[in-house]
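This report refers to the structure that appears directly beneath it.
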Amino acid sequence: MRNHLYLPITLLAVLGWHAGAQAQVDTRQAPRLVVSITIDQLRSDYLETFATNYSTEGFKRLLEEGAVFENASYPFIDPDRASAIATVATGTTPFYHSITGLQWLDRNTLRPTSCSDNQLAVTTIGDELKIATNGSAKIFAYAPTQEMAIISAGHTSDGIEWLTPSKKVKTPINQDITTKALACVSEQRLGADDTPDLLCLSYDAGTSAESYAQLDQTIGTLISSLEEHVGKERLLVVLTSTGSCTAEKIDYNRFHIPTGQFEIKRTANLLNMYLGALWGQGQYIEASYKNQLFFNYQLLESKRISMTDIIQRSQEFLCQLAGVKRVYSGLQLINGTSNDIQKVRNSYHPQRCGDLLIEVAPGWHIQHEDTGYDKLSQLSTPSFPIIFYGAGIKATRVQRPVTTDRIAPTISKAIRIRAPNACTSEPLF
């Protein structure tokens, strides 16, 4: 009985806050400075474990005075800092915004291509803000890495800067980013007039108590200074994680946990041999990358082999290999609508992914001997929050699961502009 009583009460509380928050956004003055903060390696468990080291001005202030959505995730598989920041900025997934990761394999050259050339295929919050204000809004971005700065700022930024630290010297890069950002706020007079401005910041949380404590101090300094310059009611701070974390090195063999190495290049060679036995010798798989295999279209055309046939034969063969759980085809992901493949489909982009995507068993490593690629397959991911602070937002905690593609439409609604052009997600409030 306790569960039956508890769930409706919780639901009513959430719905009641949702309605109240809706009214807040509709009636209060739109914020004049939006600060979007995306933190690499930010995890809820670390955030809570290291809490005794925090001041009252940083994380504690956000958690106690902000609207905290405790259980956030990305609506696609294997986010990294590039695909994650693209989703926060655009309100959609790699299927539409096209940033499938830090790198992908170029189909024409069969060489890895970096995302750093701002290859976003859709608009961002910043782009829509520029459009809505006829170019008068100011948009700046500061980040530890090139791709984080470029992607978060969108196509129409007024300035970006990345401060990649030296490999030889451990620098206080989060503090440097904050110093640059606050100087920009002062010099550019961000938030000083009636036109909303956007400041996109990226940080790195690290994985230690010390790094979280340092980041806490940095965020405390940032928020206090912004409130002094702009005022809390005119400031909207949005903070979340990239959902990407440094993989822990685990020796599954030591604990007798099922594991193995799935070598993608060797798999491509085996599949080529199998397909050659069916249709004659040839390089049917012309490239492999991460967990992806790429067909040789010219060979298929010359041999009059249909895409349907080679996909079916390839899937049948690959699913017999040790460690393989499922094999998705690009055609299946483009046309598929079932819930069980939705997150995989969201991760896929037709021009930037292979024709076959192999899902290996949790606990197995996907490896590529030529590139040194080694990724542990695991379905579980660390949880992280989405926090909205300032601009008249009341303190609250929401435990229901939410996804990061809803950040962009929430910000857009708060500053009363159109959501990015590929965004179909609902605002969080």
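Convention: chains lettered A, B, ... in structure tokens order; per-chain residue numbering from 1; ligands numbered from 1 as shown.
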Fewer than 3 positions away in the same chain doesn't count, so skip those; otherwise give me all residues within 7 Å of A:Thr410, counting only C-alpha atoms, as number ranges by chain. A: 406-407, 413-414, 427-429
Residue set, stretch 170-363 of chain A restricted to strand (DSSP E), as a ChimeraX atom specification: /A:197-204,235-241,260-263,285-289,292-295,324-329,356-360
Need to verify the contact set: A:Ser36, 7 Å, only C-alpha atoms, exclusion of same-chain residues closer than 2 positions in sequence. Can you return it as number ranges by chain? A: 34, 38, 199-201, 237-239
Env of stretch 347-358 of chain A: 8 Å cut, atoms = only C-alpha atoms, seq-sep filter 5 positions within chain, self excluded. Answer as a ChimeraX atom specification. /A:76-78,93-96,98,100,104-107,288-289,291-295,311,324-331,333-334
Same residues, C-alpha atoms, saved as a PDB file, in the first residue's frame:
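Dumped everything to out.pdb:
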ATOM      1  CA  PHE A  76      21.561   8.512 -27.091  1.00  0.00           C
ATOM      2  CA  ILE A  77      24.356   6.041 -26.412  1.00  0.00           C
ATOM      3  CA  ASP A  78      28.023   6.773 -25.667  1.00  0.00           C
ATOM      4  CA  THR A  93      20.511  14.310 -30.949  1.00  0.00           C
ATOM      5  CA  PRO A  94      23.381  13.350 -33.296  1.00  0.00           C
ATOM      6  CA  PHE A  95      20.832  11.949 -35.757  1.00  0.00           C
ATOM      7  CA  TYR A  96      19.972  15.583 -36.520  1.00  0.00           C
ATOM      8  CA  SER A  98      25.391  15.438 -36.882  1.00  0.00           C
ATOM      9  CA  THR A 100      28.424  11.885 -33.494  1.00  0.00           C
ATOM     10  CA  TRP A 104      34.194  10.131 -37.262  1.00  0.00           C
ATOM     11  CA  LEU A 105      35.347   8.403 -40.437  1.00  0.00           C
ATOM     12  CA  ASP A 106      34.977  10.453 -43.599  1.00  0.00           C
ATOM     13  CA  ARG A 107      33.296   8.220 -46.185  1.00  0.00           C
ATOM     14  CA  SER A 288      36.339  -0.209 -39.938  1.00  0.00           C
ATOM     15  CA  TYR A 289      36.136   2.449 -37.254  1.00  0.00           C
ATOM     16  CA  ASN A 291      32.369  -0.402 -33.625  1.00  0.00           C
ATOM     17  CA  GLN A 292      31.435   0.374 -37.239  1.00  0.00           C
ATOM     18  CA  LEU A 293      31.937  -1.353 -40.577  1.00  0.00           C
ATOM     19  CA  PHE A 294      31.747   0.405 -43.961  1.00  0.00           C
ATOM     20  CA  PHE A 295      30.653  -1.326 -47.179  1.00  0.00           C
ATOM     21  CA  ILE A 311      23.159  -6.549 -44.638  1.00  0.00           C
ATOM     22  CA  VAL A 324      28.438  -9.822 -30.210  1.00  0.00           C
ATOM     23  CA  LYS A 325      24.986  -9.017 -28.814  1.00  0.00           C
ATOM     24  CA  ARG A 326      23.360  -7.195 -31.725  1.00  0.00           C
ATOM     25  CA  VAL A 327      24.248  -5.797 -35.133  1.00  0.00           C
ATOM     26  CA  TYR A 328      22.401  -2.744 -36.401  1.00  0.00           C
ATOM     27  CA  SER A 329      22.346  -1.593 -39.981  1.00  0.00           C
ATOM     28  CA  GLY A 330      22.195   2.040 -41.005  1.00  0.00           C
ATOM     29  CA  LEU A 331      19.013   1.363 -42.978  1.00  0.00           C
ATOM     30  CA  LEU A 333      18.266   2.808 -37.789  1.00  0.00           C
ATOM     31  CA  ILE A 334      17.079   5.339 -40.355  1.00  0.00           C
TER      32      ILE A 334
END
Spatial neighbours of stretch 376-389 of chain A, 8 Å, only C-alpha atoms, chain gap at least 6 places, as a ChimeraX atom specification: /A:42-45,62-63,65-73,236-241,243,247,360-366,404
For the residues in that selection, give me N, CA, C and O atoms as a compact mmCIF listing (two decimals), in the first residue's frame.
# COMPACT_ATOMS: atom_id res chain seq x y z
N LEU A 42 31.39 15.48 -14.74
CA LEU A 42 30.57 15.75 -13.56
C LEU A 42 29.62 14.59 -13.31
O LEU A 42 28.85 14.21 -14.20
N ARG A 43 29.68 14.03 -12.12
CA ARG A 43 28.85 12.87 -11.74
C ARG A 43 28.14 13.15 -10.42
O ARG A 43 28.71 13.76 -9.52
N SER A 44 26.90 12.69 -10.32
CA SER A 44 26.14 12.90 -9.09
C SER A 44 26.79 12.24 -7.89
O SER A 44 26.81 12.81 -6.79
N ASP A 45 27.32 11.03 -8.08
CA ASP A 45 27.91 10.34 -6.93
C ASP A 45 29.14 11.07 -6.41
O ASP A 45 29.33 11.22 -5.20
N LEU A 62 23.88 26.41 -5.69
CA LEU A 62 23.07 25.94 -6.81
C LEU A 62 22.09 24.86 -6.38
O LEU A 62 20.92 24.87 -6.78
N LEU A 63 22.56 23.92 -5.57
CA LEU A 63 21.72 22.80 -5.15
C LEU A 63 20.63 23.23 -4.19
O LEU A 63 19.53 22.65 -4.18
N GLU A 65 19.39 26.53 -3.88
CA GLU A 65 18.55 27.63 -4.35
C GLU A 65 18.05 27.44 -5.78
O GLU A 65 17.24 28.23 -6.26
N GLY A 66 18.52 26.41 -6.46
CA GLY A 66 18.14 26.21 -7.85
C GLY A 66 17.06 25.17 -8.04
O GLY A 66 16.66 24.47 -7.10
N ALA A 67 16.57 25.07 -9.26
CA ALA A 67 15.68 23.97 -9.66
C ALA A 67 16.58 22.84 -10.13
O ALA A 67 17.25 22.95 -11.15
N VAL A 68 16.59 21.76 -9.35
CA VAL A 68 17.54 20.68 -9.57
C VAL A 68 16.82 19.44 -10.10
O VAL A 68 15.99 18.86 -9.40
N PHE A 69 17.14 19.07 -11.32
CA PHE A 69 16.64 17.82 -11.89
C PHE A 69 17.73 16.79 -11.65
O PHE A 69 18.79 16.80 -12.28
N GLU A 70 17.49 15.89 -10.69
CA GLU A 70 18.55 15.05 -10.15
C GLU A 70 18.99 13.92 -11.07
O GLU A 70 20.15 13.49 -11.01
N ASN A 71 18.09 13.41 -11.89
CA ASN A 71 18.38 12.21 -12.68
C ASN A 71 18.35 12.54 -14.17
O ASN A 71 17.36 12.26 -14.86
N ALA A 72 19.42 13.11 -14.65
CA ALA A 72 19.50 13.50 -16.06
C ALA A 72 20.33 12.49 -16.85
O ALA A 72 21.20 11.80 -16.30
N SER A 73 20.06 12.42 -18.13
CA SER A 73 20.84 11.54 -19.01
C SER A 73 20.76 12.09 -20.43
O SER A 73 19.97 13.00 -20.72
N LEU A 236 20.36 33.97 -15.64
CA LEU A 236 19.94 32.57 -15.65
C LEU A 236 21.16 31.70 -15.86
O LEU A 236 21.85 31.80 -16.89
N VAL A 237 21.47 30.87 -14.86
CA VAL A 237 22.59 29.93 -14.95
C VAL A 237 22.02 28.53 -15.15
O VAL A 237 21.13 28.10 -14.41
N VAL A 238 22.53 27.83 -16.15
CA VAL A 238 22.11 26.45 -16.42
C VAL A 238 23.37 25.59 -16.39
O VAL A 238 24.32 25.86 -17.12
N LEU A 239 23.35 24.57 -15.54
CA LEU A 239 24.54 23.73 -15.36
C LEU A 239 24.18 22.27 -15.54
O LEU A 239 23.17 21.79 -15.02
N THR A 240 25.02 21.56 -16.28
CA THR A 240 24.85 20.12 -16.44
C THR A 240 26.19 19.48 -16.77
O THR A 240 27.23 20.14 -16.80
N SER A 241 26.16 18.18 -17.04
CA SER A 241 27.37 17.41 -17.33
C SER A 241 27.38 16.98 -18.79
O SER A 241 26.34 16.93 -19.45
N GLY A 243 28.09 14.02 -19.38
CA GLY A 243 27.76 12.60 -19.26
C GLY A 243 28.92 11.70 -19.61
O GLY A 243 28.81 10.47 -19.60
N ALA A 247 37.07 6.38 -18.18
CA ALA A 247 36.75 4.99 -17.87
C ALA A 247 37.70 4.44 -16.79
O ALA A 247 38.91 4.64 -16.85
N VAL A 360 28.62 -4.92 -28.66
CA VAL A 360 29.24 -6.06 -28.00
C VAL A 360 28.71 -6.17 -26.58
O VAL A 360 28.14 -5.23 -26.03
N ALA A 361 28.91 -7.31 -25.99
CA ALA A 361 28.38 -7.59 -24.66
C ALA A 361 29.00 -6.68 -23.61
O ALA A 361 30.18 -6.33 -23.70
N PRO A 362 28.22 -6.27 -22.62
CA PRO A 362 28.79 -5.48 -21.51
C PRO A 362 29.96 -6.23 -20.88
O PRO A 362 29.90 -7.43 -20.65
N GLY A 363 31.02 -5.48 -20.59
CA GLY A 363 32.21 -6.09 -20.02
C GLY A 363 33.27 -6.43 -21.04
O GLY A 363 34.42 -6.70 -20.68
N TRP A 364 32.90 -6.43 -22.31
CA TRP A 364 33.86 -6.70 -23.39
C TRP A 364 34.47 -5.37 -23.86
O TRP A 364 33.86 -4.31 -23.77
N HIS A 365 35.68 -5.48 -24.41
CA HIS A 365 36.37 -4.32 -24.96
C HIS A 365 36.29 -4.35 -26.48
O HIS A 365 36.57 -5.38 -27.10
N ILE A 366 35.92 -3.20 -27.07
CA ILE A 366 36.01 -3.04 -28.52
C ILE A 366 37.38 -2.44 -28.81
O ILE A 366 37.73 -1.38 -28.27
N THR A 404 18.79 15.65 -21.57
CA THR A 404 19.44 16.93 -21.79
C THR A 404 18.97 17.67 -23.04
O THR A 404 19.23 18.86 -23.18
I need the residues of stretch 75-240 of chain A that end up classed as alpha helix (DSSP H) by DSSP on the backbone, written out as a PyMOL selection string. chain A and resi 81-90+94-97+125-132+146-153+173-188+209-230
Check the smallest atom-to-atom distance from each of A:Ser157, A:Gln312, A:Ser152, A:Thr133 to A:Ala84 using only C-alpha atoms, then report the winner. A:Ser152
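Take atom CA of A:Val35 and atom CA of A:Leu235: the distance between them is 7.7 Å.
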Find the residues around stretch 186-193 of chain A up to 7 Å (only C-alpha atoms counted), leave out those fewer than 2 positions away in its own chain, and share them as a PDB file with N, CA and C atoms, in the first residue's frame.
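File produced: part20.pdb:
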ATOM      1  N   ARG A  32      18.494  38.597 -18.791  1.00  0.00           N
ATOM      2  CA  ARG A  32      19.279  39.346 -19.764  1.00  0.00           C
ATOM      3  C   ARG A  32      20.643  38.716 -20.033  1.00  0.00           C
ATOM      4  N   LEU A  33      21.044  37.780 -19.170  1.00  0.00           N
ATOM      5  CA  LEU A  33      22.272  37.037 -19.418  1.00  0.00           C
ATOM      6  C   LEU A  33      22.040  35.573 -19.072  1.00  0.00           C
ATOM      7  N   LEU A 182      34.661  36.331 -16.979  1.00  0.00           N
ATOM      8  CA  LEU A 182      34.265  37.516 -16.220  1.00  0.00           C
ATOM      9  C   LEU A 182      34.814  38.785 -16.862  1.00  0.00           C
ATOM     10  N   ALA A 183      36.001  38.693 -17.424  1.00  0.00           N
ATOM     11  CA  ALA A 183      36.541  39.845 -18.149  1.00  0.00           C
ATOM     12  C   ALA A 183      35.671  40.174 -19.354  1.00  0.00           C
ATOM     13  N   CYS A 184      35.189  39.139 -20.021  1.00  0.00           N
ATOM     14  CA  CYS A 184      34.300  39.333 -21.176  1.00  0.00           C
ATOM     15  C   CYS A 184      32.997  39.998 -20.749  1.00  0.00           C
ATOM     16  N   THR A 195      18.573  43.469 -24.261  1.00  0.00           N
ATOM     17  CA  THR A 195      18.739  42.363 -25.198  1.00  0.00           C
ATOM     18  C   THR A 195      19.452  41.210 -24.500  1.00  0.00           C
ATOM     19  N   PRO A 196      18.881  40.022 -24.472  1.00  0.00           N
ATOM     20  CA  PRO A 196      19.553  38.901 -23.808  1.00  0.00           C
ATOM     21  C   PRO A 196      20.872  38.556 -24.486  1.00  0.00           C
ATOM     22  N   ASP A 197      21.854  38.183 -23.681  1.00  0.00           N
ATOM     23  CA  ASP A 197      23.151  37.715 -24.169  1.00  0.00           C
ATOM     24  C   ASP A 197      23.383  36.289 -23.672  1.00  0.00           C
ATOM     25  N   VAL A 230      25.311  41.739 -12.977  1.00  0.00           N
ATOM     26  CA  VAL A 230      24.039  41.681 -13.704  1.00  0.00           C
ATOM     27  C   VAL A 230      22.825  41.723 -12.774  1.00  0.00           C
TER      28      VAL A 230
END
So which one's closest to A:Leu321, A:Leu299, A:Leu271, A:Leu120, A:Ile415? Using only C-alpha atoms, please.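 Looking at the shortest contact to A:Leu321, the residue is A:Leu271.
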All residues 12 Å or closer to A:Pro172, only C-alpha atoms, same chain fewer than 6 positions away omitted, as a VMD selection string: chain A and resid 144 163 to 166 178 to 179 203 to 206 210 to 211 214 to 215 217 to 218
Go ahead and save the residues from that selection, with N, CA and C atoms, as a PDB file, in the first residue's frame.
ATOM      1  N   PRO A 144      37.878  24.389 -22.150  1.00  0.00           N
ATOM      2  CA  PRO A 144      39.221  23.805 -22.097  1.00  0.00           C
ATOM      3  C   PRO A 144      39.712  23.295 -23.444  1.00  0.00           C
ATOM      4  N   LEU A 163      41.389  26.994 -23.884  1.00  0.00           N
ATOM      5  CA  LEU A 163      42.617  27.134 -23.119  1.00  0.00           C
ATOM      6  C   LEU A 163      43.189  25.761 -22.804  1.00  0.00           C
ATOM      7  N   THR A 164      43.493  24.994 -23.829  1.00  0.00           N
ATOM      8  CA  THR A 164      44.012  23.649 -23.629  1.00  0.00           C
ATOM      9  C   THR A 164      45.290  23.703 -22.802  1.00  0.00           C
ATOM     10  N   PRO A 165      45.325  23.005 -21.662  1.00  0.00           N
ATOM     11  CA  PRO A 165      46.504  23.092 -20.791  1.00  0.00           C
ATOM     12  C   PRO A 165      47.688  22.340 -21.366  1.00  0.00           C
ATOM     13  N   SER A 166      48.865  22.728 -20.927  1.00  0.00           N
ATOM     14  CA  SER A 166      50.080  22.032 -21.323  1.00  0.00           C
ATOM     15  C   SER A 166      50.091  20.636 -20.731  1.00  0.00           C
ATOM     16  N   THR A 178      37.175  30.955 -16.055  1.00  0.00           N
ATOM     17  CA  THR A 178      36.322  31.888 -15.312  1.00  0.00           C
ATOM     18  C   THR A 178      36.865  33.311 -15.394  1.00  0.00           C
ATOM     19  N   THR A 179      38.162  33.475 -15.260  1.00  0.00           N
ATOM     20  CA  THR A 179      38.775  34.800 -15.359  1.00  0.00           C
ATOM     21  C   THR A 179      38.496  35.420 -16.724  1.00  0.00           C
ATOM     22  N   TYR A 203      33.749  23.319 -18.368  1.00  0.00           N
ATOM     23  CA  TYR A 203      34.750  23.027 -17.347  1.00  0.00           C
ATOM     24  C   TYR A 203      35.061  21.534 -17.352  1.00  0.00           C
ATOM     25  N   ASP A 204      36.080  21.175 -16.581  1.00  0.00           N
ATOM     26  CA  ASP A 204      36.427  19.774 -16.379  1.00  0.00           C
ATOM     27  C   ASP A 204      36.416  19.510 -14.880  1.00  0.00           C
ATOM     28  N   ALA A 205      35.576  18.570 -14.426  1.00  0.00           N
ATOM     29  CA  ALA A 205      35.440  18.303 -12.995  1.00  0.00           C
ATOM     30  C   ALA A 205      36.569  17.446 -12.445  1.00  0.00           C
ATOM     31  N   GLY A 206      37.240  16.681 -13.313  1.00  0.00           N
ATOM     32  CA  GLY A 206      38.219  15.739 -12.808  1.00  0.00           C
ATOM     33  C   GLY A 206      37.534  14.597 -12.073  1.00  0.00           C
ATOM     34  N   GLU A 210      39.887  16.831  -4.555  1.00  0.00           N
ATOM     35  CA  GLU A 210      40.568  18.109  -4.750  1.00  0.00           C
ATOM     36  C   GLU A 210      40.048  18.843  -5.985  1.00  0.00           C
ATOM     37  N   SER A 211      39.882  18.111  -7.089  1.00  0.00           N
ATOM     38  CA  SER A 211      39.421  18.766  -8.326  1.00  0.00           C
ATOM     39  C   SER A 211      37.996  19.271  -8.188  1.00  0.00           C
ATOM     40  N   GLN A 214      38.089  22.459  -6.041  1.00  0.00           N
ATOM     41  CA  GLN A 214      38.583  23.594  -6.819  1.00  0.00           C
ATOM     42  C   GLN A 214      37.516  24.108  -7.772  1.00  0.00           C
ATOM     43  N   LEU A 215      36.805  23.179  -8.408  1.00  0.00           N
ATOM     44  CA  LEU A 215      35.725  23.580  -9.314  1.00  0.00           C
ATOM     45  C   LEU A 215      34.610  24.286  -8.547  1.00  0.00           C
ATOM     46  N   GLN A 217      34.924  26.153  -5.884  1.00  0.00           N
ATOM     47  CA  GLN A 217      35.364  27.520  -5.630  1.00  0.00           C
ATOM     48  C   GLN A 217      35.266  28.376  -6.888  1.00  0.00           C
ATOM     49  N   THR A 218      35.624  27.785  -8.018  1.00  0.00           N
ATOM     50  CA  THR A 218      35.563  28.504  -9.288  1.00  0.00           C
ATOM     51  C   THR A 218      34.132  28.908  -9.625  1.00  0.00           C
TER      52      THR A 218
END
